[in-house]
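Okay, coords.cif now, which holds mmCIF, C-alpha atoms (C1' of nucleotides):
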```cif
data_upload
loop_
_atom_site.label_atom_id
_atom_site.label_comp_id
_atom_site.auth_asym_id
_atom_site.auth_seq_id
_atom_site.Cartn_x
_atom_site.Cartn_y
_atom_site.Cartn_z
CA MET A 29 150.03 11.67 -250.44
CA ALA A 30 151.07 8.88 -248.12
CA VAL A 31 154.65 7.75 -248.10
CA LYS A 32 155.14 4.26 -249.41
CA PRO A 33 156.31 2.02 -246.56
CA ILE A 34 159.70 0.46 -247.01
CA SER A 35 159.63 -3.12 -248.09
CA ILE A 36 161.86 -4.75 -245.49
CA PRO A 37 158.91 -5.84 -243.36
CA LYS A 38 157.33 -7.43 -246.41
CA ILE A 39 160.47 -9.30 -247.28
CA SER A 40 160.88 -10.54 -243.79
CA GLN A 41 157.23 -11.50 -243.63
CA LYS A 42 157.77 -13.57 -246.73
CA CYS A 43 160.81 -15.18 -245.19
CA ASP A 44 158.74 -16.07 -242.17
CA ASP A 45 156.04 -17.64 -244.30
CA VAL A 46 158.30 -19.45 -246.71
CA SER A 47 160.62 -20.70 -244.02
CA ALA A 48 157.65 -22.07 -242.13
CA LEU A 49 156.66 -23.93 -245.25
CA LEU A 50 160.16 -25.27 -245.73
CA ARG A 51 160.24 -26.37 -242.13
CA ILE A 52 157.27 -28.59 -242.70
CA LEU A 53 158.95 -30.07 -245.75
CA SER A 54 162.21 -30.49 -243.89
CA HIS A 55 161.40 -33.92 -242.60
CA PRO A 56 162.32 -37.00 -244.61
CA GLN A 57 158.98 -38.68 -244.35
CA ARG A 58 156.86 -35.60 -244.76
CA LEU A 59 158.89 -34.79 -247.84
CA MET A 60 158.36 -38.28 -249.16
CA ILE A 61 154.64 -38.00 -248.57
CA MET A 62 154.58 -34.78 -250.54
CA GLY A 63 156.65 -36.36 -253.29
CA HIS A 64 154.16 -39.15 -253.68
CA LEU A 65 151.22 -36.80 -253.56
CA SER A 66 152.77 -34.64 -256.24
CA HIS A 67 151.71 -37.43 -258.60
CA GLY A 68 148.12 -37.45 -257.41
CA ALA A 69 145.83 -38.11 -254.47
CA LYS A 70 146.38 -41.16 -252.28
CA THR A 71 144.70 -42.79 -249.31
CA VAL A 72 146.22 -42.85 -245.87
CA SER A 73 147.00 -46.53 -246.04
CA GLU A 74 148.51 -46.27 -249.51
CA LEU A 75 150.84 -43.60 -248.21
CA GLN A 76 151.57 -45.63 -245.13
CA GLU A 77 152.77 -48.48 -247.36
CA LEU A 78 154.66 -46.29 -249.78
CA CYS A 79 156.53 -44.55 -247.00
CA THR A 80 156.74 -47.47 -244.56
CA ILE A 81 155.81 -45.52 -241.50
CA SER A 82 153.58 -46.35 -238.59
CA GLN A 83 149.86 -45.74 -238.67
CA SER A 84 150.08 -43.17 -235.96
CA GLN A 85 152.84 -41.26 -237.62
CA ILE A 86 151.33 -41.16 -241.09
CA SER A 87 148.14 -39.86 -239.59
CA GLN A 88 149.95 -37.25 -237.54
CA PHE A 89 152.00 -36.14 -240.50
CA LEU A 90 148.97 -35.86 -242.73
CA SER A 91 146.96 -33.95 -240.21
CA ARG A 92 149.79 -31.54 -239.65
CA LEU A 93 150.31 -31.07 -243.38
CA LYS A 94 146.60 -30.40 -243.73
CA LEU A 95 146.48 -28.08 -240.76
CA GLU A 96 149.31 -26.05 -242.23
CA GLY A 97 147.52 -25.81 -245.54
CA LEU A 98 149.78 -27.98 -247.67
CA LEU A 99 147.26 -30.74 -248.03
CA ASP A 100 143.55 -31.18 -248.25
CA SER A 101 141.47 -34.34 -248.09
CA ARG A 102 138.23 -35.83 -249.22
CA ARG A 103 136.43 -38.93 -248.12
CA GLU A 104 135.51 -41.62 -250.59
CA GLY A 105 133.64 -44.47 -248.99
CA ARG A 106 135.81 -45.87 -246.26
CA PHE A 107 138.92 -44.12 -247.48
CA GLN A 108 140.31 -40.72 -246.86
CA TYR A 109 142.13 -39.33 -249.86
CA TYR A 110 144.80 -36.71 -249.33
CA PHE A 111 146.08 -34.39 -252.01
CA ILE A 112 148.18 -31.28 -252.37
CA ALA A 113 146.07 -28.24 -251.62
CA ASP A 114 147.77 -25.61 -253.65
CA LYS A 115 149.33 -25.23 -257.06
CA LYS A 116 152.32 -23.38 -255.66
CA ILE A 117 153.20 -26.26 -253.39
CA VAL A 118 153.10 -28.59 -256.36
CA ARG A 119 155.45 -26.28 -258.23
CA LEU A 120 157.81 -26.19 -255.28
CA ILE A 121 157.89 -29.95 -254.87
CA GLN A 122 158.43 -30.38 -258.58
CA ALA A 123 161.25 -27.86 -258.57
CA ILE A 124 162.91 -29.72 -255.73
CA GLN A 125 162.52 -32.98 -257.62
CA GLU A 126 163.92 -31.51 -260.80
CA ILE A 127 166.97 -30.18 -259.02
CA TYR A 128 167.70 -33.11 -256.74
CA CYS A 129 166.23 -36.21 -258.33
CA MET B 6 173.76 -61.43 -263.43
CA ALA B 7 173.08 -59.55 -260.26
CA VAL B 8 169.56 -58.50 -259.45
CA LYS B 9 169.04 -54.81 -259.56
CA PRO B 10 168.33 -53.56 -256.04
CA ILE B 11 164.99 -51.92 -255.56
CA SER B 12 165.08 -48.18 -255.46
CA ILE B 13 163.29 -47.47 -252.20
CA PRO B 14 166.56 -47.06 -250.24
CA LYS B 15 167.78 -44.57 -252.83
CA ILE B 16 164.61 -42.56 -252.71
CA SER B 17 164.62 -42.45 -248.97
CA GLN B 18 168.29 -41.53 -248.95
CA LYS B 19 167.43 -38.61 -251.18
CA CYS B 20 164.62 -37.59 -248.91
CA ASP B 21 167.04 -37.63 -246.02
CA ASP B 22 169.51 -35.45 -247.86
CA VAL B 23 167.05 -33.02 -249.33
CA SER B 24 165.07 -32.68 -246.14
CA ALA B 25 168.27 -31.92 -244.28
CA LEU B 26 168.93 -29.18 -246.78
CA LEU B 27 165.42 -27.81 -246.44
CA ARG B 28 165.76 -27.85 -242.68
CA ILE B 29 168.70 -25.52 -242.89
CA LEU B 30 166.71 -23.21 -245.13
CA SER B 31 163.68 -23.43 -242.88
CA HIS B 32 164.67 -20.54 -240.71
CA PRO B 33 163.56 -17.01 -241.57
CA GLN B 34 166.92 -15.42 -241.18
CA ARG B 35 168.95 -18.16 -242.74
CA LEU B 36 166.58 -18.06 -245.68
CA MET B 37 166.98 -14.31 -245.92
CA ILE B 38 170.76 -14.67 -245.87
CA MET B 39 170.54 -17.14 -248.72
CA GLY B 40 168.21 -14.86 -250.61
CA HIS B 41 170.68 -12.01 -250.40
CA LEU B 42 173.58 -14.23 -251.33
CA SER B 43 171.72 -15.51 -254.36
CA HIS B 44 172.53 -12.12 -255.86
CA GLY B 45 176.24 -12.37 -255.12
CA ALA B 46 178.85 -12.56 -252.38
CA LYS B 47 178.58 -10.33 -249.32
CA THR B 48 180.59 -9.64 -246.20
CA VAL B 49 179.46 -10.69 -242.76
CA SER B 50 178.71 -7.14 -241.72
CA GLU B 51 176.81 -6.37 -244.92
CA LEU B 52 174.61 -9.37 -244.25
CA GLN B 53 174.25 -8.38 -240.63
CA GLU B 54 172.86 -5.02 -241.75
CA LEU B 55 170.68 -6.43 -244.49
CA CYS B 56 169.12 -8.97 -242.19
CA THR B 57 169.21 -6.95 -238.96
CA ILE B 58 170.46 -9.70 -236.77
CA SER B 59 173.01 -9.73 -234.01
CA GLN B 60 176.70 -10.17 -234.68
CA SER B 61 176.78 -13.47 -232.88
CA GLN B 62 173.83 -14.86 -234.73
CA ILE B 63 174.94 -13.86 -238.20
CA SER B 64 178.27 -15.47 -237.51
CA GLN B 65 176.67 -18.64 -236.18
CA PHE B 66 174.27 -18.84 -239.09
CA LEU B 67 177.02 -18.35 -241.63
CA SER B 68 179.29 -20.87 -240.06
CA ARG B 69 176.52 -23.43 -239.94
CA LEU B 70 175.57 -22.74 -243.54
CA LYS B 71 179.20 -23.19 -244.50
CA LEU B 72 179.64 -26.30 -242.41
CA GLU B 73 176.65 -27.86 -244.10
CA GLY B 74 178.03 -27.04 -247.49
CA LEU B 75 175.58 -24.38 -248.60
CA LEU B 76 178.08 -21.57 -248.38
CA ASP B 77 181.75 -21.00 -248.87
CA SER B 78 183.85 -17.97 -247.96
CA ARG B 79 186.97 -16.13 -248.92
CA ARG B 80 188.93 -13.45 -247.15
CA GLU B 81 189.58 -10.11 -248.78
CA GLY B 82 191.63 -7.82 -246.59
CA ARG B 83 189.79 -7.38 -243.34
CA PHE B 84 186.54 -8.77 -244.67
CA GLN B 85 185.20 -12.24 -244.97
CA TYR B 86 183.05 -12.71 -248.05
CA TYR B 87 180.43 -15.43 -248.04
CA PHE B 88 178.83 -16.86 -251.15
CA ILE B 89 176.68 -19.77 -252.21
CA ALA B 90 178.82 -22.85 -252.67
CA ASP B 91 176.86 -24.79 -255.19
CA LYS B 92 174.92 -24.16 -258.37
CA LYS B 93 172.08 -26.40 -257.27
CA ILE B 94 171.50 -24.37 -254.15
CA VAL B 95 171.30 -21.25 -256.27
CA ARG B 96 168.72 -22.93 -258.47
CA LEU B 97 166.71 -23.95 -255.45
CA ILE B 98 166.73 -20.50 -253.91
CA GLN B 99 165.78 -18.98 -257.23
CA ALA B 100 162.94 -21.42 -257.68
CA ILE B 101 161.64 -20.54 -254.24
CA GLN B 102 161.87 -16.86 -255.07
CA GLU B 103 160.09 -17.32 -258.37
CA ILE B 104 157.24 -19.19 -256.76
CA TYR B 105 156.82 -17.09 -253.63
CA CYS B 106 158.15 -13.61 -254.34
"C1'" DA C 8 123.48 -53.10 -233.31
"C1'" DT C 9 128.07 -55.40 -233.67
"C1'" DT C 10 132.17 -55.87 -235.81
"C1'" DT C 11 135.92 -54.47 -238.35
"C1'" DA C 12 138.98 -51.78 -241.21
"C1'" DA C 13 140.52 -47.18 -241.69
"C1'" DT C 14 141.92 -43.22 -239.61
"C1'" DA C 15 142.61 -39.80 -235.77
"C1'" DT C 16 143.94 -38.21 -231.20
"C1'" DT C 17 146.43 -37.90 -226.85
"C1'" DA C 18 150.08 -38.20 -223.60
"C1'" DT C 19 154.69 -38.97 -222.68
"C1'" DT C 20 159.49 -39.12 -223.22
"C1'" DA C 21 163.49 -38.17 -225.74
"C1'" DT C 22 166.03 -34.97 -228.78
"C1'" DA C 23 167.09 -31.01 -231.36
"C1'" DT C 24 167.05 -26.22 -232.18
"C1'" DT C 25 167.29 -21.37 -231.04
"C1'" DA C 26 168.48 -17.01 -228.79
"C1'" DT C 27 171.35 -14.77 -225.74
"C1'" DT C 28 175.36 -13.32 -223.35
"C1'" DA C 29 179.91 -13.32 -222.71
"C1'" DT C 30 184.43 -14.10 -224.37
"C1'" DA C 31 187.98 -15.12 -227.85
"C1'" DT C 32 190.45 -14.73 -232.20
"C1'" DT C 33 192.23 -12.48 -236.27
"C1'" DG C 34 193.99 -9.02 -239.37
"C1'" DT C 35 195.49 -4.47 -240.24
"C1'" DA C 36 196.55 0.15 -239.55
"C1'" DA C 37 198.67 3.54 -236.58
"C1'" DT D 20 203.17 -3.59 -230.43
"C1'" DT D 21 198.93 -1.68 -229.32
"C1'" DA D 22 194.35 -0.69 -230.58
"C1'" DC D 23 190.49 -1.46 -233.02
"C1'" DA D 24 187.28 -3.37 -236.30
"C1'" DA D 25 185.65 -7.69 -238.04
"C1'" DT D 26 184.49 -12.12 -237.13
"C1'" DA D 27 184.22 -16.51 -234.48
"C1'" DT D 28 183.33 -19.58 -230.55
"C1'" DA D 29 181.40 -21.38 -226.20
"C1'" DA D 30 178.09 -22.03 -222.67
"C1'" DT D 31 173.58 -22.00 -221.29
"C1'" DA D 32 168.71 -21.49 -220.83
"C1'" DA D 33 164.46 -21.52 -223.28
"C1'" DT D 34 161.69 -23.57 -226.63
"C1'" DA D 35 160.28 -26.61 -230.34
"C1'" DT D 36 160.06 -31.00 -232.52
"C1'" DA D 37 159.90 -36.05 -232.98
"C1'" DA D 38 158.94 -40.95 -231.89
"C1'" DT D 39 156.28 -44.12 -229.54
"C1'" DA D 40 152.58 -46.43 -227.41
"C1'" DA D 41 148.06 -46.46 -226.06
"C1'" DT D 42 143.42 -45.23 -226.94
"C1'" DA D 43 139.51 -43.23 -229.52
"C1'" DT D 44 136.60 -42.27 -233.48
"C1'" DT D 45 134.29 -43.19 -237.78
"C1'" DA D 46 131.93 -45.46 -241.62
"C1'" DA D 47 130.27 -49.28 -243.73
"C1'" DA D 48 129.43 -54.23 -244.04
"C1'" DT D 49 127.30 -58.01 -241.72
#
```

Please express the file's structure as structure tokens.
Amino acid sequence: MAVKPISIPKISQKCDDVSALLRILSHPQRLMIMGHLSHGAKTVSELQELCTISQSQISQFLSRLKLEGLLDSRREGRFQYYFIADKKIVRLIQAIQEIYC
Amino acid sequence: MAVKPISIPKISQKCDDVSALLRILSHPQRLMIMGHLSHGAKTVSELQELCTISQSQISQFLSRLKLEGLLDSRREGRFQYYFIADKKIVRLIQAIQEIYC
DNA sequence: ATTTAATATTATTATATTATTATATTGTAA
DNA sequence: TTACAATATAATAATATAATAATATTAAAT
């Protein structure tokens, strides 16, 4: 029977993954975007207004957040709606809000 | 009667603070340190073993975590014990662990 | 088929972060 | 008071991240 591998690699793999996630959230405006999206999908320009950031930056932030799997998007007419891709992310954002807001 | 100031500055102040906190946690080994410390105080060398990082790095990480207010320390004989400084940080780490571990 | 609003991409510069190596400090036991 | 174990600091080179400005794409209305 095979020996069960020790779990250190798993733990450190998880730290890698989770810390990468936290890194993406560790930016004031990306965090604010996620905070707003935790209440439901929004268009790019809505978010741009809510967060008062430049067009270029909101777009870059959103595309990075999507690329990294935190967000997804759908088109509706001329608007692109972004929303949180994953239930766990929502839970994390909500936990952060409960603790710090 | 004075007009109540709008809350945008407050929200964005919070995003600044919380994102700064997340930034510190957004490093695999710092996160692992915090994970271990969420179960109780440990010495520098215990943490060094648990996290398999160099002496210099563990010391730098710990001193940064302390500087930023996430950790505190006390001396006991020849050992320096580090522990999580603040109940909220413990809650955050635990929430992260519940969601992702 | 043009125009326009909405969104995305690219390139560049400026800053910040990290790992590494070497060296210094501190406390305690012999 | 020296020696050693435990911990801290400093300096630097390598790498990653961010902000900005300019330009490009896309979809739909005219």

Next on the checklist: Residues of chain B within 9 Å of chain D, counting all atoms listed in the file - could you list those as a ChimeraX atom specification?
Outcome noted: /B:49-50,60-61,64-65,68,83-85

Next on the checklist: Could you tell me, as JSON, numbers by chain, exactly which residues end up selected when the PyMOL selection byres ((chain C) within 12 of (chain B)) is applied to this structure?
Outcome noted: {"C": [23, 24, 25, 26, 27, 28, 29, 30, 33, 34, 35, 36]}

Checklist entry - For the atom pair CA of Arg35 (chain B) and CA of Ile52 (chain A), what is the interatomic distance in Å to one decimal place? => result 15.7 Å

Given identical sequences, can you show me chain A least-squares superposed on chain B via all its Cα atoms in order, as a short mmCIF file (atom, residue, chain, number, x, y, z; two decimals) with C-alpha atoms, in the frame of the given file?
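Generated output (out-v5.cif):
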```cif
data_model
loop_
_atom_site.label_atom_id
_atom_site.label_comp_id
_atom_site.auth_asym_id
_atom_site.auth_seq_id
_atom_site.Cartn_x
_atom_site.Cartn_y
_atom_site.Cartn_z
CA MET A 29 174.19 -61.32 -263.28
CA ALA A 30 173.47 -59.39 -260.12
CA VAL A 31 169.94 -58.38 -259.36
CA LYS A 32 169.37 -54.66 -259.48
CA PRO A 33 168.57 -53.42 -255.97
CA ILE A 34 165.18 -51.85 -255.53
CA SER A 35 165.20 -48.11 -255.47
CA ILE A 36 163.30 -47.39 -252.26
CA PRO A 37 166.49 -46.95 -250.25
CA LYS A 38 167.75 -44.48 -252.83
CA ILE A 39 164.57 -42.49 -252.73
CA SER A 40 164.58 -42.38 -249.00
CA GLN A 41 168.24 -41.45 -248.97
CA LYS A 42 167.39 -38.55 -251.21
CA CYS A 43 164.58 -37.53 -248.92
CA ASP A 44 166.99 -37.57 -246.03
CA ASP A 45 169.46 -35.38 -247.87
CA VAL A 46 166.98 -32.96 -249.34
CA SER A 47 165.00 -32.63 -246.15
CA ALA A 48 168.19 -31.85 -244.28
CA LEU A 49 168.86 -29.11 -246.78
CA LEU A 50 165.35 -27.75 -246.43
CA ARG A 51 165.70 -27.80 -242.68
CA ILE A 52 168.62 -25.46 -242.88
CA LEU A 53 166.64 -23.15 -245.12
CA SER A 54 163.62 -23.37 -242.87
CA HIS A 55 164.63 -20.49 -240.69
CA PRO A 56 163.55 -16.96 -241.55
CA GLN A 57 166.93 -15.38 -241.17
CA ARG A 58 168.93 -18.15 -242.74
CA LEU A 59 166.55 -18.02 -245.67
CA MET A 60 167.00 -14.29 -245.91
CA ILE A 61 170.75 -14.67 -245.86
CA MET A 62 170.53 -17.14 -248.71
CA GLY A 63 168.20 -14.83 -250.60
CA HIS A 64 170.68 -12.01 -250.39
CA LEU A 65 173.57 -14.24 -251.33
CA SER A 66 171.69 -15.50 -254.35
CA HIS A 67 172.53 -12.11 -255.85
CA GLY A 68 176.23 -12.39 -255.12
CA ALA A 69 178.85 -12.62 -252.40
CA LYS A 70 178.60 -10.39 -249.34
CA THR A 71 180.64 -9.72 -246.22
CA VAL A 72 179.51 -10.74 -242.78
CA SER A 73 178.79 -7.19 -241.73
CA GLU A 74 176.89 -6.41 -244.92
CA LEU A 75 174.67 -9.39 -244.24
CA GLN A 76 174.33 -8.40 -240.63
CA GLU A 77 172.94 -5.03 -241.73
CA LEU A 78 170.75 -6.41 -244.47
CA CYS A 79 169.18 -8.94 -242.16
CA THR A 80 169.30 -6.91 -238.94
CA ILE A 81 170.53 -9.68 -236.75
CA SER A 82 173.09 -9.74 -233.99
CA GLN A 83 176.76 -10.24 -234.68
CA SER A 84 176.80 -13.52 -232.87
CA GLN A 85 173.83 -14.88 -234.71
CA ILE A 86 174.94 -13.89 -238.19
CA SER A 87 178.26 -15.53 -237.53
CA GLN A 88 176.64 -18.67 -236.18
CA PHE A 89 174.25 -18.86 -239.09
CA LEU A 90 177.00 -18.40 -241.63
CA SER A 91 179.25 -20.95 -240.05
CA ARG A 92 176.45 -23.46 -239.94
CA LEU A 93 175.51 -22.78 -243.55
CA LYS A 94 179.14 -23.25 -244.50
CA LEU A 95 179.55 -26.36 -242.42
CA GLU A 96 176.54 -27.89 -244.11
CA GLY A 97 177.94 -27.08 -247.51
CA LEU A 98 175.50 -24.41 -248.61
CA LEU A 99 178.01 -21.63 -248.39
CA ASP A 100 181.68 -21.08 -248.88
CA SER A 101 183.82 -18.08 -248.01
CA ARG A 102 186.94 -16.27 -248.99
CA ARG A 103 188.91 -13.62 -247.20
CA GLU A 104 189.60 -10.29 -248.82
CA GLY A 105 191.69 -8.03 -246.65
CA ARG A 106 189.87 -7.57 -243.40
CA PHE A 107 186.61 -8.92 -244.74
CA GLN A 108 185.23 -12.37 -245.03
CA TYR A 109 183.06 -12.80 -248.08
CA TYR A 110 180.42 -15.50 -248.08
CA PHE A 111 178.80 -16.92 -251.18
CA ILE A 112 176.62 -19.80 -252.23
CA ALA A 113 178.74 -22.89 -252.68
CA ASP A 114 176.78 -24.81 -255.21
CA LYS A 115 174.84 -24.15 -258.38
CA LYS A 116 171.99 -26.39 -257.28
CA ILE A 117 171.42 -24.36 -254.16
CA VAL A 118 171.23 -21.23 -256.27
CA ARG A 119 168.64 -22.90 -258.47
CA LEU A 120 166.63 -23.92 -255.45
CA ILE A 121 166.67 -20.47 -253.90
CA GLN A 122 165.72 -18.94 -257.22
CA ALA A 123 162.87 -21.39 -257.66
CA ILE A 124 161.58 -20.51 -254.22
CA GLN A 125 161.81 -16.82 -255.06
CA GLU A 126 160.04 -17.28 -258.36
CA ILE A 127 157.18 -19.13 -256.73
CA TYR A 128 156.77 -17.05 -253.60
CA CYS A 129 158.11 -13.59 -254.33
#
```

Next on the checklist: If the PyMOL selection byres ((chain A) within 9 of (chain B)) were run on this exact file, what residues would it hold? Put them as a ChimeraX atom specification.
Outcome noted: /A:39-60,79,116-117,119-120,123-124,127-129

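Straight-line separation from C1' of DT9 (chain C) to CA of Gln76 (chain A): 27.9 Å.
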
Next on the checklist: So the first atom is C1' of DT14 (chain C) and the second is CA of Gln122 (chain A); what is the distance between them in Å, to one decimal place?
Outcome noted: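 These atoms are spaced 28.2 Å apart.
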
Next on the checklist: Show me, as a PyMOL selection string, the residues that have an atom within 9 Å of Lys94 (chain A) when counting all atoms listed in the file, minus same-chain residues fewer than 5 positions from it.
Outcome noted: chain A and resi 89+99-101+110+112-113

Grab the residues selected above and save them as a PDB file, keeping the file's coordinate frame with C-alpha atoms.
```pdb
ATOM      1  CA  PHE A  89     152.000 -36.140-240.500  1.00  0.00           C
ATOM      2  CA  LEU A  99     147.260 -30.740-248.030  1.00  0.00           C
ATOM      3  CA  ASP A 100     143.550 -31.180-248.250  1.00  0.00           C
ATOM      4  CA  SER A 101     141.470 -34.340-248.090  1.00  0.00           C
ATOM      5  CA  TYR A 110     144.800 -36.710-249.330  1.00  0.00           C
ATOM      6  CA  ILE A 112     148.180 -31.280-252.370  1.00  0.00           C
ATOM      7  CA  ALA A 113     146.070 -28.240-251.620  1.00  0.00           C
TER       8      ALA A 113
END
```

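Listed by chain and then by number, the residues chosen by the PyMOL selection byres ((chain A and resi 69) around 7) in this file are Leu65, Gly68, Lys70, Tyr109, Tyr110 and Phe111 of chain A.
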